[in-house]
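my_file30.cif, holding mmCIF, C-alpha atoms:
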```cif
data_input
#
loop_
_atom_site.label_atom_id
_atom_site.label_comp_id
_atom_site.auth_asym_id
_atom_site.auth_seq_id
_atom_site.Cartn_x
_atom_site.Cartn_y
_atom_site.Cartn_z
CA MET D 6 3.40 20.97 38.35
CA GLU D 7 1.29 23.97 38.83
CA GLU D 8 2.00 26.14 41.74
CA ASP D 9 0.07 29.25 42.38
CA GLN D 10 1.93 31.79 44.39
CA GLU D 11 0.03 34.84 45.28
CA LEU D 12 1.78 37.87 46.61
CA GLU D 13 -0.25 40.72 47.85
CA ARG D 14 1.26 44.00 48.89
CA LYS D 15 -0.19 47.30 49.66
CA ILE D 16 2.07 50.32 49.72
CA SER D 17 0.75 53.85 49.59
CA GLY D 18 -2.28 52.75 47.69
CA LEU D 19 -0.57 50.54 45.12
CA LYS D 20 -1.95 47.08 45.55
CA THR D 21 -0.50 44.30 43.44
CA SER D 22 -1.20 40.63 43.23
CA MET D 23 0.93 38.34 41.18
CA THR D 24 0.19 34.76 40.34
CA GLU D 25 2.72 32.42 38.89
CA GLY D 26 1.40 29.28 37.44
CA GLU D 27 1.99 27.28 34.33
CA ARG D 28 5.17 29.24 33.71
CA LYS D 29 3.13 32.32 32.88
CA THR D 30 3.10 35.43 34.90
CA VAL D 31 0.04 37.46 35.52
CA LEU D 32 0.06 40.86 37.10
CA GLU D 33 -3.11 42.32 38.39
CA MET D 34 -3.03 45.73 39.90
CA VAL D 35 -5.40 48.14 41.49
CA GLN D 36 -3.97 51.60 41.27
CA ALA D 37 -5.01 54.44 43.40
CA THR D 38 -3.17 57.25 45.02
CA GLY D 39 -3.21 58.33 48.64
CA THR D 40 -3.52 62.01 47.79
CA ASP D 41 -6.48 63.41 45.93
CA ARG D 42 -4.23 65.61 43.94
CA HIS D 43 -3.32 63.27 41.15
CA CYS D 44 -6.04 60.93 40.05
CA GLU D 45 -5.53 57.98 37.79
CA ASP D 46 -7.85 57.32 34.92
CA HIS D 47 -7.80 56.89 31.16
CA THR D 48 -5.13 59.54 30.84
CA LEU D 49 -2.44 57.25 32.15
CA GLY D 50 -4.37 54.02 31.66
CA ASN D 51 -4.84 54.12 27.91
CA SER D 52 -1.40 55.46 27.08
CA LEU D 53 0.26 52.93 29.37
CA HIS D 54 -1.85 50.15 27.89
CA TYR D 55 -0.67 51.14 24.41
CA MET D 56 2.99 51.05 25.42
CA ILE D 57 2.66 47.71 27.19
CA MET D 58 0.82 46.15 24.26
CA LYS D 59 3.64 47.18 21.95
CA ASN D 60 5.84 44.73 23.80
CA PRO D 61 5.79 41.48 21.79
CA GLU D 62 6.12 39.34 24.91
CA VAL D 63 2.90 40.61 26.41
CA GLU D 64 -0.01 38.28 25.74
CA PHE D 65 -2.70 40.34 27.32
CA CYS D 66 -3.05 43.80 28.69
CA GLY D 67 -6.24 45.51 29.74
CA TYR D 68 -7.41 48.22 32.06
CA THR D 69 -10.72 49.45 33.40
CA THR D 70 -11.82 52.23 35.66
CA THR D 71 -13.57 50.91 38.73
CA HIS D 72 -16.20 53.65 38.86
CA PRO D 73 -16.28 57.19 37.49
CA SER D 74 -16.45 58.64 40.98
CA GLU D 75 -13.40 56.69 42.06
CA SER D 76 -10.02 57.64 40.74
CA LYS D 77 -8.72 54.10 40.43
CA ILE D 78 -7.87 51.82 37.57
CA ASN D 79 -7.52 48.07 37.41
CA LEU D 80 -4.65 47.05 35.22
CA ARG D 81 -4.03 43.46 34.23
CA ILE D 82 -1.01 42.18 32.34
CA ARG D 83 -0.29 38.65 31.27
CA THR D 84 3.00 37.70 29.69
CA GLY D 85 3.78 34.50 27.88
CA GLY D 86 7.14 32.97 28.38
CA THR D 87 9.68 33.96 30.93
CA LEU D 88 9.25 37.70 31.23
CA PRO D 89 7.72 38.54 34.61
CA ALA D 90 4.71 40.78 34.20
CA VAL D 91 6.05 43.38 36.62
CA GLU D 92 9.00 43.92 34.32
CA SER D 93 6.77 44.54 31.35
CA PHE D 94 4.89 47.08 33.44
CA GLN D 95 8.13 48.80 34.34
CA ARG D 96 9.28 48.70 30.75
CA GLY D 97 5.99 50.23 29.61
CA LEU D 98 6.39 53.07 32.12
CA ASN D 99 9.98 53.71 31.06
CA GLU D 100 9.10 53.70 27.40
CA LEU D 101 6.21 56.07 27.99
CA MET D 102 8.58 58.40 29.83
CA ASN D 103 11.02 58.29 26.92
CA VAL D 104 8.23 59.09 24.49
CA CYS D 105 7.21 62.08 26.60
CA LYS D 106 10.77 63.28 26.85
CA HIS D 107 11.21 63.09 23.10
CA VAL D 108 7.87 64.80 22.43
CA LEU D 109 8.84 67.57 24.82
CA ASP D 110 12.22 68.10 23.14
CA LYS D 111 10.74 68.13 19.66
CA PHE D 112 7.93 70.43 20.72
CA GLU D 113 10.19 72.95 22.40
CA ALA D 114 12.55 72.91 19.40
CA SER D 115 9.60 73.54 17.08
CA ILE D 116 8.36 76.42 19.19
CA LYS D 117 11.82 77.95 19.24
CA ASP D 118 12.10 77.62 15.45
CA TYR D 119 8.73 79.24 14.99
CA LYS D 120 9.64 82.11 17.28
CA ASP D 121 12.96 82.62 15.51
CA GLN D 122 11.28 82.56 12.13
CA LYS D 123 8.71 85.04 13.28
CA ALA D 124 11.38 87.31 14.69
CA SER D 125 13.42 87.24 11.51
CA ARG D 126 10.31 87.84 9.43
CA ASN D 127 9.50 90.89 11.52
CA GLU D 128 13.01 92.17 11.11
CA SER D 129 13.02 91.70 7.36
CA THR D 130 9.89 93.79 6.90
CA PHE D 131 11.59 96.87 8.30
CA MET S 10 -1.80 44.66 -4.65
CA ALA S 11 -5.30 45.18 -3.42
CA ALA S 12 -4.79 43.11 -0.30
CA SER S 13 -1.84 45.03 1.03
CA GLN S 14 -3.52 48.31 0.18
CA ALA S 15 -6.48 47.30 2.29
CA VAL S 16 -4.15 46.35 5.11
CA GLU S 17 -2.33 49.65 4.82
CA GLU S 18 -5.61 51.47 5.01
CA MET S 19 -6.69 49.50 8.04
CA ARG S 20 -3.45 50.20 9.81
CA GLY S 21 -3.01 53.79 8.73
CA CYS S 22 -6.35 55.53 8.39
CA VAL S 23 -9.57 56.14 10.20
CA VAL S 24 -12.20 56.17 7.46
CA LEU S 25 -15.20 58.46 7.87
CA GLY S 26 -18.09 56.91 6.03
CA GLU S 27 -21.37 58.70 5.54
CA PHE S 28 -23.07 57.00 8.42
CA GLY S 29 -20.27 55.82 10.56
CA VAL S 30 -16.61 55.79 11.26
CA ARG S 31 -14.52 52.71 10.52
CA ASN S 32 -11.12 51.47 11.62
CA VAL S 33 -11.17 53.54 14.74
CA HIS S 34 -9.07 51.43 17.05
CA THR S 35 -5.34 51.12 16.98
CA THR S 36 -4.47 47.66 15.72
CA ASP S 37 -0.77 47.81 15.06
CA PHE S 38 0.30 45.70 18.00
CA PRO S 39 2.89 42.94 17.63
CA GLY S 40 1.44 39.77 16.22
CA ASN S 41 -1.68 41.24 14.63
CA TYR S 42 -0.30 41.58 11.14
CA SER S 43 2.07 39.02 9.71
CA GLY S 44 5.01 40.56 7.96
CA TYR S 45 4.95 43.72 10.05
CA ASP S 46 7.26 44.32 12.96
CA ASP S 47 5.12 46.28 15.32
CA ALA S 48 7.12 45.97 18.49
CA TRP S 49 7.93 49.28 20.12
CA ASP S 50 11.04 50.84 18.68
CA GLN S 51 12.11 54.14 20.18
CA ASP S 52 14.43 54.94 17.27
CA ARG S 53 11.75 54.33 14.67
CA PHE S 54 9.38 56.50 16.67
CA GLU S 55 11.93 59.29 16.92
CA LYS S 56 12.63 59.13 13.22
CA ASN S 57 8.98 59.40 12.23
CA PHE S 58 7.80 61.81 14.87
CA ARG S 59 7.61 65.51 14.23
CA VAL S 60 5.91 68.61 15.58
CA ASP S 61 4.95 71.47 13.27
CA VAL S 62 3.78 74.74 14.73
CA VAL S 63 1.16 76.27 12.48
CA HIS S 64 0.28 79.41 14.36
CA MET S 65 1.10 80.93 17.72
CA ASP S 66 0.23 84.11 19.50
CA GLU S 67 0.05 85.02 23.15
CA ASN S 68 -3.20 83.23 23.89
CA SER S 69 -3.62 80.54 21.28
CA LEU S 70 -1.45 77.95 19.67
CA GLU S 71 -2.05 75.56 16.80
CA PHE S 72 0.36 72.77 16.08
CA ASP S 73 0.50 69.34 14.46
CA MET S 74 1.86 66.19 16.00
CA VAL S 75 2.70 63.54 13.44
CA GLY S 76 3.72 59.99 14.17
CA ILE S 77 2.16 59.48 17.56
CA ASP S 78 -0.64 57.21 18.62
CA ALA S 79 -4.12 58.30 19.65
CA ALA S 80 -3.71 57.02 23.20
CA ILE S 81 -0.78 59.30 23.96
CA ALA S 82 -2.12 62.30 22.03
CA ASN S 83 -5.37 61.94 23.94
CA ALA S 84 -3.47 61.71 27.22
CA PHE S 85 -1.89 65.09 26.45
CA ARG S 86 -5.27 66.54 25.57
CA ARG S 87 -6.83 65.30 28.80
CA ILE S 88 -3.97 66.64 30.87
CA LEU S 89 -4.10 70.03 29.15
CA LEU S 90 -7.77 70.30 29.96
CA ALA S 91 -7.78 69.15 33.52
CA GLU S 92 -4.40 68.45 35.07
CA VAL S 93 -2.15 71.40 34.40
CA PRO S 94 -2.06 73.24 37.71
CA THR S 95 -3.13 76.86 38.03
CA MET S 96 -3.90 79.24 40.87
CA ALA S 97 -7.54 79.88 41.60
CA VAL S 98 -9.70 81.11 44.44
CA GLU S 99 -10.60 78.22 46.70
CA LYS S 100 -11.73 79.76 49.95
CA VAL S 101 -13.78 82.91 50.35
CA LEU S 102 -14.15 84.50 53.78
CA VAL S 103 -17.22 86.71 53.63
CA TYR S 104 -17.25 89.54 56.12
CA ASN S 105 -20.23 91.29 54.66
CA ASN S 106 -22.44 90.53 51.71
CA THR S 107 -25.65 92.50 51.49
CA SER S 108 -25.88 92.18 47.73
CA ILE S 109 -28.54 90.24 45.92
CA VAL S 110 -26.05 87.57 44.92
CA GLN S 111 -25.96 84.77 47.50
CA ASP S 112 -22.71 84.01 49.30
CA GLU S 113 -22.21 80.65 47.65
CA ILE S 114 -23.01 81.90 44.17
CA LEU S 115 -20.60 84.77 44.66
CA ALA S 116 -17.93 82.39 45.92
CA HIS S 117 -18.51 80.09 42.96
CA ARG S 118 -18.11 82.97 40.53
CA LEU S 119 -14.94 84.11 42.22
CA GLY S 120 -13.49 80.64 41.88
CA LEU S 121 -13.91 80.79 38.12
CA ILE S 122 -11.85 83.92 37.72
CA PRO S 123 -8.42 83.18 36.17
CA ILE S 124 -5.64 84.56 38.33
CA HIS S 125 -2.50 85.81 36.69
CA ALA S 126 0.13 84.02 38.76
CA ASP S 127 2.62 81.46 37.55
CA PRO S 128 1.59 78.24 39.33
CA ARG S 129 5.10 76.84 38.97
CA LEU S 130 6.26 79.34 41.58
CA PHE S 131 3.86 78.00 44.18
CA GLU S 132 3.51 74.80 46.13
CA TYR S 133 0.41 72.78 46.77
CA ARG S 134 -1.22 73.46 50.08
CA ASN S 135 -0.95 70.66 52.61
CA GLN S 136 -4.17 68.92 53.44
CA GLY S 137 -5.62 70.13 56.68
CA ASP S 138 -3.68 73.35 56.59
CA GLU S 139 -6.34 75.95 57.19
CA ASP S 140 -4.57 79.26 56.82
CA GLY S 141 -1.94 78.60 54.25
CA THR S 142 1.52 80.11 54.04
CA GLU S 143 3.22 82.44 51.64
CA ILE S 144 4.48 79.63 49.43
CA ASP S 145 1.08 78.17 48.67
CA THR S 146 -1.51 80.91 49.03
CA LEU S 147 -2.45 84.20 47.42
CA GLN S 148 -4.79 86.59 49.18
CA PHE S 149 -7.15 89.01 47.53
CA ARG S 150 -9.51 91.52 49.09
CA LEU S 151 -12.75 92.64 47.51
CA GLN S 152 -14.46 95.53 49.18
CA VAL S 153 -17.08 97.49 47.29
CA ARG S 154 -19.96 99.59 48.54
CA CYS S 155 -22.60 101.09 46.33
CA THR S 156 -23.91 104.58 47.03
CA ARG S 157 -26.28 106.98 45.39
CA ASN S 158 -24.72 109.61 43.18
CA PRO S 159 -25.65 113.02 44.60
CA HIS S 160 -24.82 114.78 41.33
CA ALA S 161 -27.13 112.74 39.10
CA ALA S 162 -29.82 114.47 37.05
CA LYS S 163 -33.26 114.52 38.66
CA ASP S 164 -35.08 112.38 36.10
CA SER S 165 -32.25 110.15 34.95
CA SER S 166 -32.88 106.43 34.77
CA ASP S 167 -29.41 105.35 33.75
CA PRO S 168 -27.84 103.29 36.52
CA ASN S 169 -24.39 104.44 35.47
CA GLU S 170 -25.40 107.95 36.37
CA LEU S 171 -27.54 107.29 39.38
CA TYR S 172 -25.26 105.01 41.33
CA VAL S 173 -21.61 104.91 42.26
CA ASN S 174 -19.86 101.52 42.25
CA HIS S 175 -22.93 99.57 41.22
CA LYS S 176 -20.98 97.09 39.13
CA VAL S 177 -18.35 94.99 40.83
CA TYR S 178 -15.56 94.09 38.44
CA THR S 179 -12.41 92.05 38.89
CA ARG S 180 -10.44 95.26 38.89
CA HIS S 181 -11.87 95.93 42.33
CA MET S 182 -9.93 92.96 43.67
CA THR S 183 -6.78 94.00 45.49
CA TRP S 184 -3.89 91.70 46.15
CA ILE S 185 -2.73 91.40 49.77
CA PRO S 186 0.84 90.06 49.80
CA LEU S 187 1.65 87.45 52.42
CA GLY S 188 5.05 87.19 54.01
CA ASN S 189 7.77 87.91 51.47
CA GLN S 190 5.50 87.84 48.43
CA ALA S 191 5.80 91.60 48.08
CA ASP S 192 9.53 91.18 47.45
CA LEU S 193 9.14 88.23 45.09
CA PHE S 194 6.37 89.61 42.91
CA PRO S 195 6.62 93.15 41.65
CA GLU S 196 3.63 95.44 41.90
CA GLY S 197 0.91 94.59 39.42
CA THR S 198 2.01 91.08 38.46
CA ILE S 199 -0.39 89.22 40.75
CA ARG S 200 -3.88 90.10 39.60
CA PRO S 201 -6.85 88.58 37.83
CA VAL S 202 -6.06 88.02 34.17
CA HIS S 203 -8.89 90.24 32.97
CA ASP S 204 -9.96 93.29 34.93
CA ASP S 205 -13.34 93.67 33.29
CA ILE S 206 -15.08 90.51 34.40
CA LEU S 207 -18.35 91.45 36.05
CA ILE S 208 -18.63 89.74 39.42
CA ALA S 209 -21.84 91.21 40.80
CA GLN S 210 -24.16 94.17 40.59
CA LEU S 211 -25.14 96.34 43.56
CA ARG S 212 -27.61 99.02 44.50
CA PRO S 213 -27.21 101.79 47.04
CA GLY S 214 -26.71 100.54 50.57
CA GLN S 215 -25.40 97.14 49.42
CA GLU S 216 -21.88 96.11 50.14
CA ILE S 217 -19.54 93.24 49.40
CA ASP S 218 -16.59 92.77 51.72
CA LEU S 219 -14.66 89.55 51.48
CA LEU S 220 -11.25 87.94 51.57
CA MET S 221 -10.19 85.29 49.07
CA HIS S 222 -7.55 82.62 49.31
CA CYS S 223 -6.12 81.28 46.06
CA VAL S 224 -4.37 77.98 46.01
CA LYS S 225 -2.74 75.81 43.41
CA GLY S 226 -4.99 73.16 42.02
CA ILE S 227 -5.76 71.02 39.02
CA GLY S 228 -8.93 70.90 36.99
CA LYS S 229 -9.96 67.54 38.33
CA LYS S 230 -10.10 68.56 41.94
CA VAL S 231 -11.05 72.15 41.35
CA ALA S 232 -13.22 71.99 38.30
CA ARG S 233 -12.98 75.68 37.64
CA VAL S 234 -9.22 75.71 37.30
CA ALA S 235 -9.36 74.45 33.72
CA ASN S 236 -6.94 76.29 31.53
CA PRO S 237 -7.00 75.77 27.81
CA ARG S 238 -9.59 74.65 25.33
CA LEU S 239 -9.07 72.19 22.54
CA ASP S 240 -10.96 71.81 19.30
CA THR S 241 -11.64 68.90 17.07
CA PHE S 242 -12.71 69.03 13.46
CA SER S 243 -15.66 68.06 11.28
CA ARG S 244 -16.54 66.33 8.04
CA GLU S 245 -18.64 68.69 6.00
CA ILE S 246 -18.08 66.94 2.71
CA PHE S 247 -21.03 64.60 2.98
CA ARG S 248 -23.44 67.44 2.68
CA HIS S 249 -22.61 67.73 -0.99
CA GLU S 250 -24.38 65.00 -2.92
CA LYS S 251 -22.21 64.92 -6.00
CA LEU S 252 -19.00 64.91 -4.12
CA LYS S 253 -20.11 62.11 -1.89
CA LYS S 254 -19.36 59.37 -4.34
CA VAL S 255 -16.06 60.76 -5.38
CA VAL S 256 -14.49 61.66 -2.13
CA ARG S 257 -13.32 59.19 0.44
CA LEU S 258 -12.75 60.99 3.68
CA ALA S 259 -10.09 59.38 5.72
CA ARG S 260 -8.10 60.72 8.55
CA VAL S 261 -4.51 59.68 8.78
CA ARG S 262 -4.35 57.83 12.05
CA ASP S 263 -1.24 59.27 13.54
CA HIS S 264 -1.51 62.92 12.51
CA TYR S 265 -3.05 65.13 15.17
CA ILE S 266 -3.88 68.79 15.01
CA PHE S 267 -3.87 70.49 18.39
CA SER S 268 -5.47 73.83 18.90
CA VAL S 269 -4.80 75.22 22.36
CA GLU S 270 -6.36 78.38 23.74
CA SER S 271 -5.12 79.67 27.06
CA THR S 272 -7.08 81.58 29.69
CA GLY S 273 -4.16 83.95 29.90
CA VAL S 274 -2.38 82.73 32.98
CA LEU S 275 0.36 80.93 31.10
CA PRO S 276 1.22 81.18 27.41
CA PRO S 277 -0.10 78.18 25.44
CA ASP S 278 3.29 76.74 24.59
CA VAL S 279 4.19 76.65 28.28
CA LEU S 280 0.88 74.89 28.96
CA VAL S 281 1.70 72.13 26.49
CA SER S 282 5.20 71.71 27.93
CA GLU S 283 3.77 71.50 31.42
CA ALA S 284 1.18 68.94 30.28
CA ILE S 285 3.91 66.69 28.87
CA LYS S 286 5.87 67.06 32.11
CA VAL S 287 2.77 66.08 34.10
CA LEU S 288 2.55 62.81 32.18
CA MET S 289 6.25 62.17 32.78
CA GLY S 290 5.71 62.87 36.46
CA LYS S 291 2.93 60.31 36.67
CA CYS S 292 5.12 57.63 35.12
CA ARG S 293 7.99 58.48 37.41
CA ARG S 294 5.76 58.24 40.45
CA PHE S 295 4.66 54.75 39.57
CA LEU S 296 8.19 53.67 38.79
CA ASP S 297 9.30 54.90 42.19
CA GLU S 298 6.46 53.11 43.92
CA LEU S 299 7.21 49.91 42.06
CA ASP S 300 10.83 50.14 43.14
CA ALA S 301 9.71 50.60 46.72
CA VAL S 302 7.44 47.55 46.51
CA GLN S 303 10.14 45.40 45.02
CA MET S 304 12.66 46.37 47.63
CA ASP S 305 10.75 44.37 50.22
#
```
Take the structure from the file and write it as structure tokens.
Amino acid sequence: MEEDQELERKISGLKTSMTEGERKTVLEMVQATGTDRHCEDHTLGNSLHYMIMKNPEVEFCGYTTTHPSESKINLRIRTGGTLPAVESFQRGLNELMNVCKHVLDKFEASIKDYKDQKASRNESTF
Amino acid sequence: MAASQAVEEMRGCVVLGEFGVRNVHTTDFPGNYSGYDDAWDQDRFEKNFRVDVVHMDENSLEFDMVGIDAAIANAFRRILLAEVPTMAVEKVLVYNNTSIVQDEILAHRLGLIPIHADPRLFEYRNQGDEDGTEIDTLQFRLQVRCTRNPHAAKDSSDPNELYVNHKVYTRHMTWIPLGNQADLFPEGTIRPVHDDILIAQLRPGQEIDLLMHCVKGIGKKVARVANPRLDTFSREIFRHEKLKKVVRLARVRDHYIFSVESTGVLPPDVLVSEAIKVLMGKCRRFLDELDAVQMD
């Protein structure tokens, strides 16, 4: 039996619609932000798309920008099996955050090493 | 085996042929290659990832990021160029401008001047807030009047001799502290980064008298607030006929060389750290919004 349930919510610019049919879950999202300060585009779109695609349960993930003048992206995720698409979206976001955290730690450690090395090299020339 | 070598090349390298580039897109997603486990593994990523700093001085930084995908490296690049916040002149109140430079051109030029103020110490201005407060605004005054030099030689034609104050530089900008800013920022720390940027030229009788408000902004909204510059690299080898046949130019897919040059407001390593934090902030914002949606 196929039942299509569509949920549409709009909260501070995040509009989601989820359809459940044929035991698959599709998540289609229009993302925009209320403030003009932080605009969404390929910066978040492509990196998020990469992280979500790395999830083996995701069948399809794609994003587009609606128009270059608009700071919105359309993101669509389709999962096969039992994983709800919203969860894969959340997982993608969490994993991207972990990647950033790790990159930040490694980068700052590298910078510190470089500075220490430079300092000790300066000292040894005296 | 030839087959697996071809697969390795497809997965690992972007090949630069003479007339085109092949294997550009990332293909190592789960399910694409049989025998490879491509699902995301944070531990494997952490094991393979490294950052090597090649060179660093106060305005430029060169470092390598190895083991990261193009999408994320590009996200950092985009953020560095346009989304790391800085302070820049947004509003110019012109009291008097009798120079040849039109008001709007002058205002545009002023907006491009990098201001030496740590943006992390300031807040964003609220929308609709006209005057601004001490936590989100910096004020600068520019008041220059050009006069004739009475001591110049009779037949001199050198403007430097004939006129006084005929070139308006950034060093003529004076900071006007608001509220408790004078206590927070010692004398001389809030200024334009370079004091020898030429803003306008004047002749005797002309005067510029204006007040500038600097606010915190990002490159996207305020296109002049861009901070660093990034370089990419080229493939000269194909110019040399003999070498063409012998050399196969391939870029390792997950090795990225970043070259960051700062405008001087923040040191380049701080810029990169801030860029990474901006990306984390974006993710967090969406996670919070998702939680809010799901609460209903």
Item checked: Surrounding residues of region 52-56 of chain D excluding itself and chain neighbours under 3 positions, 6 Å, all atoms listed in the file, as a VMD selection string -> (chain D and resid 49 59 97) or (chain S and resid 80 to 81)
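Here CA of Met102 (chain D) stands at a distance of 5.3 Å from CA of Met289 (chain S).
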Next item on the list: Expand the PyMOL selection byres ((chain S) within 7 of (chain D)) into the individual residues it matches in the shown file, reporting them as a PyMOL selection string.
Entry: chain S and resi 38-39+47-49+59-62+80-81+84+87+230+282+285+289+292+296+302
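With distances restricted to only C-alpha atoms, S:His222 is the closest residue to Thr146 (chain S) from S:His222, S:Thr107, S:Val177, S:Asp167.
One finds CA of Ile109 (chain S) at 22.1 Å from CA of Thr183 (chain S).
Taking CA of His264 (chain S) and CA of Val75 (chain S) as endpoints, the distance between them is 4.4 Å.
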Notebook entry, point to check: What does the PyMOL selection byres ((chain S and resi 168) around 12) select in this file, as a list in words?
Noted result: Cys155, Thr156, Arg157, Asn158, Ala161, Ala162, Asp164, Ser165, Ser166, Asp167, Asn169, Glu170, Leu171, Tyr172, Val173, Asn174, His175, Lys176, Gln210, Leu211, Arg212 and Pro213 of chain S
Tell me which protein, DNA and RNA residues are within 9 Å of Phe65 (chain D), counting all atoms listed in the file, leaving out same-chain ones fewer than 5 positions away, and put them as a PDB file with C-alpha atoms, in the frame of the given file.
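Contents of the output file part_23.pdb:
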```
ATOM      1  CA  MET D  58       0.820  46.150  24.260  1.00  0.00           C
ATOM      2  CA  ARG D  81      -4.030  43.460  34.230  1.00  0.00           C
ATOM      3  CA  ILE D  82      -1.010  42.180  32.340  1.00  0.00           C
ATOM      4  CA  ARG D  83      -0.290  38.650  31.270  1.00  0.00           C
ATOM      5  CA  THR D  84       3.000  37.700  29.690  1.00  0.00           C
ATOM      6  CA  GLY D  85       3.780  34.500  27.880  1.00  0.00           C
TER       7      GLY D  85
END
```
Note to self: Can you tell me which residues surround His117 (chain S) at a distance of at most 10 Å, considering only C-alpha atoms, apart from same-chain residues fewer than 3 positions away, and format the answer as number ranges by chain?
What the structure shows: S: 98-101, 111-114, 120-122, 233
